[in-house]
>>> print(open('start07.txt').read())   # compact mmCIF, C-alpha atoms
# COMPACT_ATOMS: atom_id res chain seq x y z
CA MET A 270 5.57 92.85 -20.27
CA ARG A 271 2.27 91.24 -19.70
CA ARG A 272 2.20 90.11 -23.31
CA ILE A 273 5.62 88.64 -22.94
CA ALA A 274 4.53 86.88 -19.78
CA ALA A 275 1.35 85.66 -21.41
CA THR A 276 3.33 84.32 -24.34
CA LEU A 277 6.09 82.83 -22.32
CA LEU A 278 3.99 81.29 -19.56
CA PRO A 279 2.46 78.53 -21.70
CA LEU A 280 5.88 77.80 -23.16
CA LEU A 281 7.37 77.56 -19.70
CA LEU A 282 4.63 75.22 -18.55
CA THR A 283 4.96 73.02 -21.62
CA GLY A 284 8.69 72.98 -21.18
CA SER A 285 8.41 71.93 -17.59
CA LEU A 286 6.10 69.21 -18.58
CA ALA A 287 8.35 68.18 -21.45
CA CYS A 288 11.38 68.17 -19.22
CA LYS A 289 9.70 66.10 -16.62
CA LYS A 290 11.11 62.65 -16.70
CA ALA A 291 8.57 60.11 -17.89
CA GLU A 292 7.55 57.77 -15.18
CA PRO A 293 8.85 54.36 -15.87
CA PRO A 294 6.06 51.94 -16.56
CA PRO A 295 5.08 49.99 -13.49
CA PRO A 296 6.64 46.53 -13.35
CA PRO A 297 4.32 43.76 -14.41
CA PRO A 298 2.66 42.03 -11.47
CA VAL A 299 4.60 39.02 -10.31
CA THR A 300 2.51 35.95 -10.97
CA VAL A 301 3.22 33.14 -8.53
CA PRO A 302 2.43 29.80 -10.15
CA PRO A 303 -0.13 27.85 -8.14
CA THR A 304 1.53 25.20 -6.03
CA THR A 305 0.24 21.70 -6.77
CA ALA A 306 0.25 19.20 -3.96
CA PRO A 307 2.15 15.99 -4.79
CA ALA A 308 -0.13 13.15 -5.87
CA PRO A 309 -0.90 10.68 -3.06
CA VAL A 310 0.01 7.01 -3.39
CA SER A 311 -2.22 5.03 -5.74
CA VAL A 312 -2.21 1.52 -7.21
CA SER A 313 -1.13 1.53 -10.85
CA THR A 314 -1.19 -2.14 -11.85
CA VAL A 315 -1.63 -5.61 -10.34
CA THR A 316 -0.14 -8.57 -12.19
CA LEU A 317 -0.19 -12.25 -11.21
CA GLY A 318 2.43 -14.84 -12.03
CA SER A 319 4.40 -17.78 -10.71
CA ALA A 320 7.77 -15.99 -10.57
CA ILE A 321 9.09 -12.49 -10.03
CA GLY A 322 12.33 -10.76 -10.93
CA ALA A 323 14.67 -8.77 -8.72
CA ASP A 324 12.58 -5.72 -9.57
CA LYS A 325 9.58 -7.29 -7.76
CA LYS A 326 7.71 -7.54 -11.06
CA VAL A 327 6.12 -10.71 -12.41
CA VAL A 328 8.27 -12.40 -15.06
CA ALA A 329 5.36 -13.86 -17.06
CA ALA A 330 1.80 -12.82 -16.30
CA SER A 331 -0.66 -15.65 -15.73
CA GLU A 332 -4.08 -16.21 -14.24
CA ALA A 333 -3.89 -20.01 -14.02
CA PHE A 334 -1.65 -21.92 -11.66
CA GLY A 335 -0.71 -25.44 -10.69
CA VAL A 336 -1.44 -26.98 -7.28
CA LYS A 337 2.20 -26.71 -6.22
CA ASP A 338 2.85 -23.21 -7.55
CA THR A 339 3.86 -20.22 -5.46
CA ILE A 340 1.54 -17.46 -6.60
CA TYR A 341 2.84 -13.90 -6.83
CA ALA A 342 0.97 -10.63 -7.10
CA SER A 343 3.10 -7.72 -8.24
CA VAL A 344 1.51 -4.40 -7.26
CA GLU A 345 2.96 -1.23 -8.76
CA THR A 346 2.21 2.04 -7.01
CA ALA A 347 2.72 5.69 -7.91
CA GLY A 348 2.64 8.89 -5.91
CA THR A 349 4.22 10.02 -2.66
CA GLY A 350 3.35 9.71 0.98
CA HIS A 351 2.77 7.04 3.58
CA ALA A 352 1.14 3.93 2.14
CA ARG A 353 -0.44 0.85 3.68
CA LEU A 354 -0.91 -1.77 0.98
CA ARG A 355 -2.88 -4.91 1.92
CA ALA A 356 -3.40 -8.04 -0.17
CA LEU A 357 -6.33 -10.27 0.75
CA TRP A 358 -6.27 -13.68 -0.96
CA SER A 359 -9.52 -15.67 -1.03
CA PHE A 360 -10.87 -18.99 -2.30
CA VAL A 361 -14.17 -18.51 -4.12
CA LYS A 362 -16.86 -21.17 -4.30
CA GLY A 363 -20.15 -19.88 -5.61
CA GLU A 364 -21.40 -17.23 -3.23
CA LYS A 365 -18.94 -18.21 -0.51
CA THR A 366 -15.37 -17.09 0.01
CA ALA A 367 -12.76 -18.48 2.39
CA LYS A 368 -9.82 -16.35 3.45
CA VAL A 369 -6.52 -17.78 2.29
CA ASP A 370 -4.14 -15.11 3.57
CA GLU A 371 -3.84 -11.40 4.28
CA THR A 372 -0.55 -9.50 4.34
CA THR A 373 0.21 -5.80 4.66
CA VAL A 374 3.17 -3.78 3.42
CA GLU A 375 3.57 -0.34 4.96
CA PHE A 376 6.08 2.15 3.58
CA ASP A 377 6.88 5.79 2.86
CA SER A 378 6.85 6.32 -0.86
CA SER A 379 8.80 9.02 -2.67
CA GLY A 380 7.77 7.89 -6.16
CA PRO A 381 6.89 4.79 -8.16
CA ALA A 382 7.38 1.55 -6.26
CA ALA A 383 6.99 -2.14 -6.99
CA ASN A 384 5.61 -4.41 -4.29
CA GLU A 385 5.10 -8.14 -4.31
CA PHE A 386 2.90 -10.47 -2.28
CA HIS A 387 3.16 -14.24 -2.52
CA ILE A 388 1.45 -17.33 -1.16
CA SER A 389 2.35 -21.01 -1.20
CA LYS A 390 0.78 -24.15 0.23
CA PRO A 391 3.05 -27.13 0.94
CA SER A 392 0.16 -29.58 0.83
CA GLY A 393 -0.98 -28.21 -2.55
CA TRP A 394 -3.69 -25.76 -3.54
CA PRO A 395 -7.26 -26.99 -3.73
CA LYS A 396 -8.35 -26.70 -7.35
CA GLY A 397 -10.85 -23.97 -8.08
CA ASP A 398 -11.36 -20.24 -8.27
CA TYR A 399 -9.50 -17.66 -6.23
CA LYS A 400 -9.10 -13.92 -6.11
CA VAL A 401 -6.71 -11.37 -4.64
CA GLU A 402 -7.96 -7.96 -3.56
CA VAL A 403 -5.51 -5.12 -3.05
CA PHE A 404 -6.47 -2.41 -0.59
CA LEU A 405 -4.77 0.94 -0.04
CA GLY A 406 -5.19 2.42 3.42
CA GLU A 407 -7.74 1.39 6.00
CA GLY A 408 -10.93 -0.28 4.89
CA GLY A 409 -12.96 0.89 1.96
CA ALA A 410 -13.27 -0.74 -1.44
CA ALA A 411 -10.41 -2.67 -3.00
CA ALA A 412 -8.14 -0.58 -5.22
CA ALA A 413 -7.80 -3.60 -7.52
CA THR A 414 -9.05 -7.20 -7.72
CA LYS A 415 -7.61 -10.04 -9.76
CA ALA A 416 -9.26 -13.43 -10.24
CA PHE A 417 -7.25 -16.58 -10.93
CA LYS A 418 -7.65 -20.35 -11.08
CA VAL A 419 -5.77 -23.35 -9.80
CA ASN A 420 -6.04 -26.27 -12.19
CA MET B 135 -9.05 -41.64 1.78
CA ALA B 136 -9.36 -37.86 1.93
CA ASN B 137 -6.70 -35.94 0.02
CA GLU B 138 -4.80 -33.16 1.83
CA GLN B 139 -6.00 -30.84 -0.85
CA ASP B 140 -9.57 -31.75 -0.21
CA LYS B 141 -9.41 -31.38 3.56
CA LYS B 142 -12.38 -29.21 4.37
CA ASN B 143 -13.59 -27.36 7.38
CA GLU B 144 -17.07 -27.33 8.73
CA ASP B 145 -18.24 -24.85 6.10
CA ASP B 146 -17.34 -27.30 3.34
CA MET B 147 -14.52 -25.00 2.33
CA PRO B 148 -10.89 -26.14 2.05
CA ASP B 149 -8.42 -25.76 4.88
CA PHE B 150 -5.82 -23.04 4.36
CA SER B 151 -4.14 -23.18 7.77
CA ASP B 152 -0.80 -24.28 6.28
CA VAL B 153 -0.54 -21.42 3.78
CA GLN B 154 2.79 -19.62 3.83
CA SER B 155 3.02 -16.05 2.66
CA GLY B 156 5.29 -13.08 2.35
CA ALA B 157 5.75 -9.70 0.74
CA SER B 158 8.41 -7.13 -0.05
CA SER B 159 8.73 -3.71 -1.62
CA THR B 160 11.26 -1.66 -3.56
CA ALA B 161 10.45 1.21 -1.18
CA PRO B 162 13.20 1.49 1.45
CA ALA B 163 12.45 0.46 5.03
CA ALA B 164 9.10 -1.10 4.12
CA GLU B 165 7.38 -2.87 6.98
CA VAL B 166 5.70 -6.18 6.18
CA TYR B 167 3.26 -7.79 8.56
CA GLU B 168 0.05 -9.73 8.97
CA THR B 169 -2.75 -8.46 11.15
CA TYR B 170 -3.89 -10.81 13.89
CA VAL B 171 -7.05 -10.27 15.95
CA VAL B 172 -6.54 -11.41 19.54
CA LYS B 173 -8.91 -14.15 20.67
CA PRO B 174 -9.88 -15.12 24.21
CA GLY B 175 -7.13 -17.17 25.80
CA ASP B 176 -4.38 -15.77 23.58
CA SER B 177 -1.01 -14.66 24.85
CA LEU B 178 1.91 -13.13 22.98
CA SER B 179 3.93 -16.32 23.39
CA LYS B 180 1.05 -18.42 22.05
CA ILE B 181 0.68 -16.10 19.08
CA ALA B 182 4.45 -16.18 18.48
CA LYS B 183 4.45 -19.98 18.64
CA HIS B 184 1.78 -20.08 15.92
CA ALA B 185 3.35 -17.36 13.76
CA TYR B 186 7.03 -18.26 14.09
CA GLY B 187 7.10 -21.71 15.60
CA ASP B 188 8.90 -20.14 18.56
CA ALA B 189 7.08 -18.95 21.67
CA ASN B 190 10.17 -16.98 22.72
CA ALA B 191 9.69 -14.68 19.73
CA TRP B 192 6.86 -12.95 21.58
CA LYS B 193 9.04 -9.87 22.10
CA ARG B 194 9.19 -9.29 18.37
CA ILE B 195 5.40 -9.01 18.34
CA PHE B 196 5.40 -6.79 21.41
CA ASP B 197 8.02 -4.44 19.91
CA ALA B 198 5.94 -4.10 16.73
CA ASN B 199 2.87 -3.09 18.72
CA THR B 200 4.14 -0.74 21.44
CA ASP B 201 1.65 1.85 20.20
CA ILE B 202 -1.20 -0.28 21.55
CA LEU B 203 0.52 -2.63 24.04
CA LYS B 204 2.05 -1.27 27.24
CA ASP B 205 2.42 -4.58 29.07
CA PRO B 206 3.27 -7.78 27.17
CA ASN B 207 1.18 -9.76 29.67
CA LYS B 208 -1.92 -7.72 29.00
CA ILE B 209 -3.54 -8.33 25.66
CA PHE B 210 -7.28 -8.35 25.11
CA PRO B 211 -9.65 -10.08 22.69
CA GLY B 212 -10.38 -7.91 19.70
CA GLN B 213 -7.06 -6.11 19.69
CA LYS B 214 -5.49 -6.02 16.21
CA LEU B 215 -1.79 -6.84 16.41
CA LYS B 216 0.84 -6.50 13.71
CA ILE B 217 2.69 -9.77 13.27
CA PRO B 218 5.98 -8.90 11.52
CA GLN B 219 6.93 -11.10 8.63
CA LYS B 220 9.00 -14.12 9.54
CA ASN B 221 12.54 -13.55 8.17
>>> encode(input="start07.txt", output="structure tokens")
Amino acid sequence: MRRIAATLLPLLLTGSLACKKAEPPPPPPVTVPPTTAPAPVSVSTVTLGSAIGADKKVVAASEAFGVKDTIYASVETAGTGHARLRALWSFVKGEKTAKVDETTVEFDSSGPAANEFHISKPSGWPKGDYKVEVFLGEGGAAAATKAFKVN
Amino acid sequence: MANEQDKKNEDDMPDFSDVQSGASSTAPAAEVYETYVVKPGDSLSKIAKHAYGDANAWKRIFDANTDILKDPNKIFPGQKLKIPQKN
């Protein structure tokens, strides 16, 4: 009897182990992709010209203008969020600059946008060197600067 | 005789007081304005007269600056006001 038990016991144990349902493998850990914050508004390009299209973009880029021209600066932006875009136009004479005009466009951007700034002078532009600086937000360095001439 | 183009101010720099400007954006509901720093003696009607040629347009300036102006008769030198673009 004992022999039978001794013989059968290992078989019974093995059987119980063999009959035991294999544990299903644990599910792979769920990897949550890192969330990336949307890119803030930034200035992509600044182009000067004497005419713009309905898309607010300069028709033909130029950096030289006539005394009676209306001068346009097309500023393309990318990114999302609240944006305050400021164009500061200046006359440059050696080390000195004289402010010509400063205009701000403030908007909520949900993607690429085209913005235009323009200046005109009924009495005619003084000939010489000018520049337009484009600022994004309050203060700080200009996001872009473009020099141009009036001939 | 001095040319209009050559009219200069005291700093020997040209005069740009008659410059006209504007701006626009493809972004919806964009706000376009110039920033004006209040000087001693200024009033909203005086500023409106200069900006729009119409002193009665002072309310447009007041409405654009209700975050810093509580009383249209009380503006102070140094205050930076938004002057909405002339339509």
>>> atom_distance(input="start07.txt", atom1="CA of Ser331 in chain A", atom2="CA of Ser319 in chain A")
7.4 Å
>>> interface_residues(input="start07.txt", of="chain A", to="chain B", cutoff="9 Å", atoms="all atoms listed in the file", output="PyMOL selection string")
chain A and resi 324-325+336+360+362+365-396
>>> atom_distance(input="start07.txt", atom1="CA of Ala329 in chain A", atom2="CA of Leu405 in chain A")
24.7 Å
>>> residues_around(input="start07.txt", residues="range 195-212 of chain B", least_positions_apart="2", cutoff="12 Å", atoms="only C-alpha atoms", output="JSON, numbers by chain")
{"B": [165, 166, 167, 168, 169, 170, 171, 172, 173, 174, 175, 176, 177, 178, 179, 180, 181, 182, 183, 184, 185, 186, 188, 189, 190, 191, 192, 193, 214, 215, 216, 217, 218, 219, 220]}
>>> write_last_selection(input="start07.txt", atoms="C-alpha atoms", output="compact mmCIF listing (two decimals), in the frame of the given file")
# COMPACT_ATOMS: atom_id res chain seq x y z
CA GLU B 165 7.38 -2.87 6.98
CA VAL B 166 5.70 -6.18 6.18
CA TYR B 167 3.26 -7.79 8.56
CA GLU B 168 0.05 -9.73 8.97
CA THR B 169 -2.75 -8.46 11.15
CA TYR B 170 -3.89 -10.81 13.89
CA VAL B 171 -7.05 -10.27 15.95
CA VAL B 172 -6.54 -11.41 19.54
CA LYS B 173 -8.91 -14.15 20.67
CA PRO B 174 -9.88 -15.12 24.21
CA GLY B 175 -7.13 -17.17 25.80
CA ASP B 176 -4.38 -15.77 23.58
CA SER B 177 -1.01 -14.66 24.85
CA LEU B 178 1.91 -13.13 22.98
CA SER B 179 3.93 -16.32 23.39
CA LYS B 180 1.05 -18.42 22.05
CA ILE B 181 0.68 -16.10 19.08
CA ALA B 182 4.45 -16.18 18.48
CA LYS B 183 4.45 -19.98 18.64
CA HIS B 184 1.78 -20.08 15.92
CA ALA B 185 3.35 -17.36 13.76
CA TYR B 186 7.03 -18.26 14.09
CA ASP B 188 8.90 -20.14 18.56
CA ALA B 189 7.08 -18.95 21.67
CA ASN B 190 10.17 -16.98 22.72
CA ALA B 191 9.69 -14.68 19.73
CA TRP B 192 6.86 -12.95 21.58
CA LYS B 193 9.04 -9.87 22.10
CA LYS B 214 -5.49 -6.02 16.21
CA LEU B 215 -1.79 -6.84 16.41
CA LYS B 216 0.84 -6.50 13.71
CA ILE B 217 2.69 -9.77 13.27
CA PRO B 218 5.98 -8.90 11.52
CA GLN B 219 6.93 -11.10 8.63
CA LYS B 220 9.00 -14.12 9.54
>>> atom_distance(input="start07.txt", atom1="CA of Val328 in chain A", atom2="CA of Val361 in chain A")
25.7 Å
>>> residues_near_point(input="start07.txt", point="(-11.2, -0.1, 2.4)", cutoff="12 Å", atoms="only C-alpha atoms", output="count of residues only")
17
>>> build_atoms(input="start07.txt", residues="range 382-408 of chain A", atoms="N, CA and C atoms", output="short mmCIF file (atom, residue, chain, number, x, y, z; two decimals), in the frame of the given file")
data_model
loop_
_atom_site.label_atom_id
_atom_site.label_comp_id
_atom_site.auth_asym_id
_atom_site.auth_seq_id
_atom_site.Cartn_x
_atom_site.Cartn_y
_atom_site.Cartn_z
N ALA A 382 6.83 2.68 -7.00
CA ALA A 382 7.38 1.55 -6.26
C ALA A 382 6.75 0.26 -6.75
N ALA A 383 7.52 -0.81 -6.64
CA ALA A 383 6.99 -2.14 -6.99
C ALA A 383 6.93 -2.95 -5.70
N ASN A 384 5.81 -3.61 -5.49
CA ASN A 384 5.61 -4.41 -4.29
C ASN A 384 5.14 -5.79 -4.70
N GLU A 385 5.56 -6.80 -3.97
CA GLU A 385 5.10 -8.14 -4.31
C GLU A 385 4.55 -8.84 -3.08
N PHE A 386 3.50 -9.61 -3.30
CA PHE A 386 2.90 -10.47 -2.28
C PHE A 386 2.93 -11.87 -2.85
N HIS A 387 3.16 -12.88 -2.00
CA HIS A 387 3.16 -14.24 -2.52
C HIS A 387 2.59 -15.21 -1.49
N ILE A 388 2.01 -16.28 -2.00
CA ILE A 388 1.45 -17.33 -1.16
C ILE A 388 1.87 -18.69 -1.71
N SER A 389 2.04 -19.63 -0.80
CA SER A 389 2.35 -21.01 -1.20
C SER A 389 1.69 -21.94 -0.20
N LYS A 390 1.46 -23.18 -0.65
CA LYS A 390 0.78 -24.15 0.23
C LYS A 390 1.48 -25.49 0.06
N PRO A 391 2.27 -25.89 1.06
CA PRO A 391 3.05 -27.13 0.94
C PRO A 391 2.21 -28.35 0.60
N SER A 392 1.00 -28.40 1.09
CA SER A 392 0.16 -29.58 0.83
C SER A 392 -0.54 -29.49 -0.52
N GLY A 393 -0.37 -28.37 -1.22
CA GLY A 393 -0.98 -28.21 -2.55
C GLY A 393 -2.27 -27.41 -2.48
N TRP A 394 -2.48 -26.59 -3.48
CA TRP A 394 -3.69 -25.76 -3.54
C TRP A 394 -4.90 -26.58 -3.93
N PRO A 395 -6.02 -26.39 -3.23
CA PRO A 395 -7.26 -26.99 -3.73
C PRO A 395 -7.58 -26.38 -5.10
N LYS A 396 -8.01 -27.22 -6.02
CA LYS A 396 -8.35 -26.70 -7.35
C LYS A 396 -9.61 -25.86 -7.28
N GLY A 397 -9.64 -24.80 -8.08
CA GLY A 397 -10.85 -23.97 -8.08
C GLY A 397 -10.52 -22.52 -8.35
N ASP A 398 -11.47 -21.66 -8.01
CA ASP A 398 -11.36 -20.24 -8.27
C ASP A 398 -10.87 -19.47 -7.04
N TYR A 399 -10.05 -18.50 -7.29
CA TYR A 399 -9.50 -17.66 -6.23
C TYR A 399 -9.55 -16.21 -6.69
N LYS A 400 -9.27 -15.32 -5.73
CA LYS A 400 -9.10 -13.92 -6.11
C LYS A 400 -8.13 -13.27 -5.11
N VAL A 401 -7.52 -12.19 -5.55
CA VAL A 401 -6.71 -11.37 -4.64
C VAL A 401 -7.21 -9.94 -4.77
N GLU A 402 -7.51 -9.35 -3.61
CA GLU A 402 -7.96 -7.96 -3.56
C GLU A 402 -6.84 -7.13 -2.95
N VAL A 403 -6.57 -6.00 -3.56
CA VAL A 403 -5.51 -5.12 -3.05
C VAL A 403 -6.16 -3.85 -2.52
N PHE A 404 -5.91 -3.58 -1.25
CA PHE A 404 -6.47 -2.41 -0.59
C PHE A 404 -5.35 -1.41 -0.29
N LEU A 405 -5.71 -0.13 -0.39
CA LEU A 405 -4.77 0.94 -0.04
C LEU A 405 -5.37 1.69 1.12
N GLY A 406 -4.66 1.73 2.25
CA GLY A 406 -5.19 2.42 3.42
C GLY A 406 -6.12 1.52 4.22
N GLU A 407 -6.85 2.15 5.11
CA GLU A 407 -7.74 1.39 6.00
C GLU A 407 -9.11 1.20 5.38
N GLY A 408 -9.56 0.00 5.31
CA GLY A 408 -10.93 -0.28 4.89
C GLY A 408 -11.26 0.21 3.50
#
